[in-house]
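*Asks:* Right, I'll just put the structure down here and ask away after.
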Amino acid sequence: MTNTPVNPIHQATNAYYLDRQNEMESNVRSYPRKLPLAIAKAQGCWVTDVEGNQYLDCLAGAGTLALGHNHPAVIEAIQDVLASGLPLHTLDLTTPLKDAFTAELLSFFPKDQYRLQFCGPTGADGTEAAIKLAKTYTGRGNVIAFSGGYHGMTQGSLSMTGNLNAKNAVQNLMPGVQFLPYPHEYRCPLGIGGEAGVEALTYYFENFIEDVESGVVKPAAVILEAIQGEGGVVSAPTKWLQKIREVTQKHGIVLILDEVQAGFCRSGKMFAFEHAGIEPDVVVMSKAVGGSLPLAVLAIKKEFDAWQPAGHTGTFRGNQLAMATGYVSLKIMKEQNLAQNAEQRGVFLQTELKRLSEQYGCIGNVRGKGLMIGIEIVDERQTKDRIGSYPADPQLAAEIQKACFNHKLLLERGGRGGNVVRILCPLIINQAECEEMITRFRKAVADALALRN
């Protein structure tokens, strides 16, 4: 039997594998350009490259690896499925494993109010399915999305995504998408800032929907993230999100919450929308729901389940391995109260980062919830804007990310122009690892500033 080539070639370097990747793969690849390593193994919050260097991973598969790398329970779940004789995928045919996973996931929603829909194994397919369902249910065609939002890179989901970089190259995206401003504590889109900015945007949404001269017909759906991830870790204010729930319910508009990245204890609660005490009509779930393996699921309030059989299909919606790893991950999240760990570690990290901002003026804003944290990098040498915010400094943010990599710390960037350094570490991270993260990040900021000066 041929062995799978998982072990690195003897004495091969990161550069060897990266050069081969450059030759064999499309230009579309992105992470290797910022994090130039070839991974040999990983455990918990740590990644080891083929040269033996060990990195503290605060990216964690963009939030997919809620329990970190190769959690023993996840590995055991995979081994159990492989030994059981169960098919590895089953379309939408049921199995005892799928039944158990479905019941476990539904236990995190109000009893008997929701049903699950298994989609193709990406968050983008989940958002596509959610929009199709809303249009099917309402008979309407328009969608409201928000500036800064990210819902995927497929045709429909990209249409509802704020970032223009990928959109500018693709013509004839899905029509009928109306963008509205999303509140931002550091860069208020109305130029007001603070509580007054939130109040104005809350009023604006209600007025926009109810104004008979708004110029936009009633939409089928409103789609948003309770915490924008790729948009720079921007949390929805409670009163704004509650007003959106109130108005959409009043006018028969399907409210879709994209919890692909913020869901599953990441924010300090099971789902980020819970901070506002609301119940969406549809919840899009992926990343952590599969326990590190590909899976996407919708939770749909029963009255909105307007599908006809085969109204949205996908070959790989029956990924049994992902249901096994998802099942044990959900169990561990609940039994070990990882939401509380995320909240506590997040408070520590934000406190330390805000203290660091007092030393380094280039840290303009630290924000987020739980272990979903954004560090906005600014050029404090420039003039503040009308609400007291410095201009974004994407170049310095890139230098900080590079310096973090040099200090064996893996982080991603997001936000307007990529000026927000993001923390998405595994939910199992401990206090010592959080302290180590701060130590390495502090050194990285100092190194990056030394280069700028």
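Each chain in the structure tokens gets a letter, A, B, ..., in the order shown, and its residues are numbered from 1; ligands are numbered from 1 in order too.
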Residues at most 9 Å from A:Ala145, counting only C-alpha atoms, excluding those fewer than 4 positions away in the same chain, as a VMD selection string?
*Replies:* chain A and resid 149 160 to 162 177 to 181 221 to 224
*Asks:* Which residues, written as a ChimeraX atom specification, have at least one atom at most 12 Å from A:Asp379, with only C-alpha atoms counted and residues fewer than 5 positions away on the same chain left out?
*Replies:* /A:360-365,384-385,389-397,419,449,452
*Asks:* If we count only C-alpha atoms and set the cut-off at 12 Å, which residues sit around A:His251, ignoring sequence neighbours fewer than 3 positions away in its own chain? Please answer as a short mmCIF file (atom, residue, chain, number, x, y, z; two decimals) with C-alpha atoms, in the first residue's frame.
*Replies:*
```cif
data_model
loop_
_atom_site.label_atom_id
_atom_site.label_comp_id
_atom_site.auth_asym_id
_atom_site.auth_seq_id
_atom_site.Cartn_x
_atom_site.Cartn_y
_atom_site.Cartn_z
CA THR A 138 -41.25 36.18 0.33
CA GLU A 206 -36.04 52.23 10.24
CA ILE A 209 -37.47 50.72 5.27
CA GLU A 210 -40.62 52.69 6.06
CA VAL A 217 -38.78 48.29 -2.94
CA LYS A 218 -39.27 46.09 0.10
CA PRO A 219 -36.46 43.51 0.23
CA ALA A 220 -36.72 39.78 0.67
CA ALA A 221 -33.98 39.76 3.28
CA VAL A 222 -31.54 41.68 5.40
CA ILE A 244 -33.19 45.83 12.74
CA ARG A 245 -34.87 42.77 14.26
CA GLU A 246 -37.93 44.81 15.19
CA VAL A 247 -38.29 46.45 11.76
CA THR A 248 -37.69 43.30 9.71
CA VAL A 254 -36.29 37.69 6.50
CA LEU A 255 -33.44 38.50 8.89
#
```
*Asks:* As an exercise, work out the distance from atom CA of A:Leu35 to atom CA of A:Asn22 in Å and give it to one decimal place.
*Replies:*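 Atom-to-atom, atom CA of A:Leu35 and atom CA of A:Asn22 are spaced 13.8 Å apart.
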*Asks:* DSSP on the backbone: what in stretch 111-140 of chain A comes out strand (DSSP E), as a PyMOL selection string?
*Replies:* chain A and resi 114-118
*Asks:* Rank A:Phe271, A:Tyr182, A:Phe348, A:Tyr327 by their smallest atom-to-atom distance to A:Lys98, using only C-alpha atoms, and report the top residue only.
*Replies:*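 Going through A:Phe271, A:Tyr182, A:Phe348, A:Tyr327 one by one, the smallest distance to A:Lys98 is for A:Tyr327.
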*Asks:* Which value, in Å to one decimal, gives the distance between atom CA of A:Leu91 and atom CA of A:Leu106?
*Replies:*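 For atom CA of A:Leu91 relative to atom CA of A:Leu106, the distance reads 20.0 Å.
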*Asks:* Pick out the closest residue to A:Glu343 from this set: A:Ile387, A:Met174, A:Ile428, A:Ala62. Count only C-alpha atoms.
*Replies:* A:Ile428
*Asks:* Grab the atom CA of A:Leu409 to atom CA of A:Gly290 distance for me, in Å with one decimal place.
*Replies:*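 These two atoms are separated by 25.2 Å.
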*Asks:* Counting only C-alpha atoms, which residue out of A:Lys287, A:Arg115, A:Lys250, A:Lys334 sits closest to A:Trp307?
*Replies:* A:Arg115
*Asks:* Near A:Leu59, within 6 Å and counting only C-alpha atoms, which residues show up once chain neighbours fewer than 3 positions away are dropped, as a list in words?
*Replies:*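 Here the answer would be Ala62, Leu411, Leu424 and Cys425 of chain A.
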*Asks:* Could those residues be written to a file, using N, CA and C atoms, as an mmCIF file, in the first residue's frame?
*Replies:*
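Saved as again_5.cif:
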```
data_model
loop_
_atom_site.group_PDB
_atom_site.id
_atom_site.type_symbol
_atom_site.label_atom_id
_atom_site.label_comp_id
_atom_site.auth_asym_id
_atom_site.auth_seq_id
_atom_site.Cartn_x
_atom_site.Cartn_y
_atom_site.Cartn_z
ATOM 1 N N ALA A 62 -8.675 30.810 10.146
ATOM 2 C CA ALA A 62 -9.653 31.897 10.084
ATOM 3 C C ALA A 62 -10.847 31.623 10.993
ATOM 4 N N LEU A 411 -0.823 35.887 12.585
ATOM 5 C CA LEU A 411 -1.994 36.754 12.672
ATOM 6 C C LEU A 411 -2.442 37.137 11.265
ATOM 7 N N LEU A 424 -7.725 35.687 16.109
ATOM 8 C CA LEU A 424 -8.753 34.631 16.047
ATOM 9 C C LEU A 424 -8.158 33.331 16.581
ATOM 10 N N CYS A 425 -7.568 33.395 17.755
ATOM 11 C CA CYS A 425 -6.888 32.213 18.286
ATOM 12 C C CYS A 425 -7.888 31.136 18.705
#
```
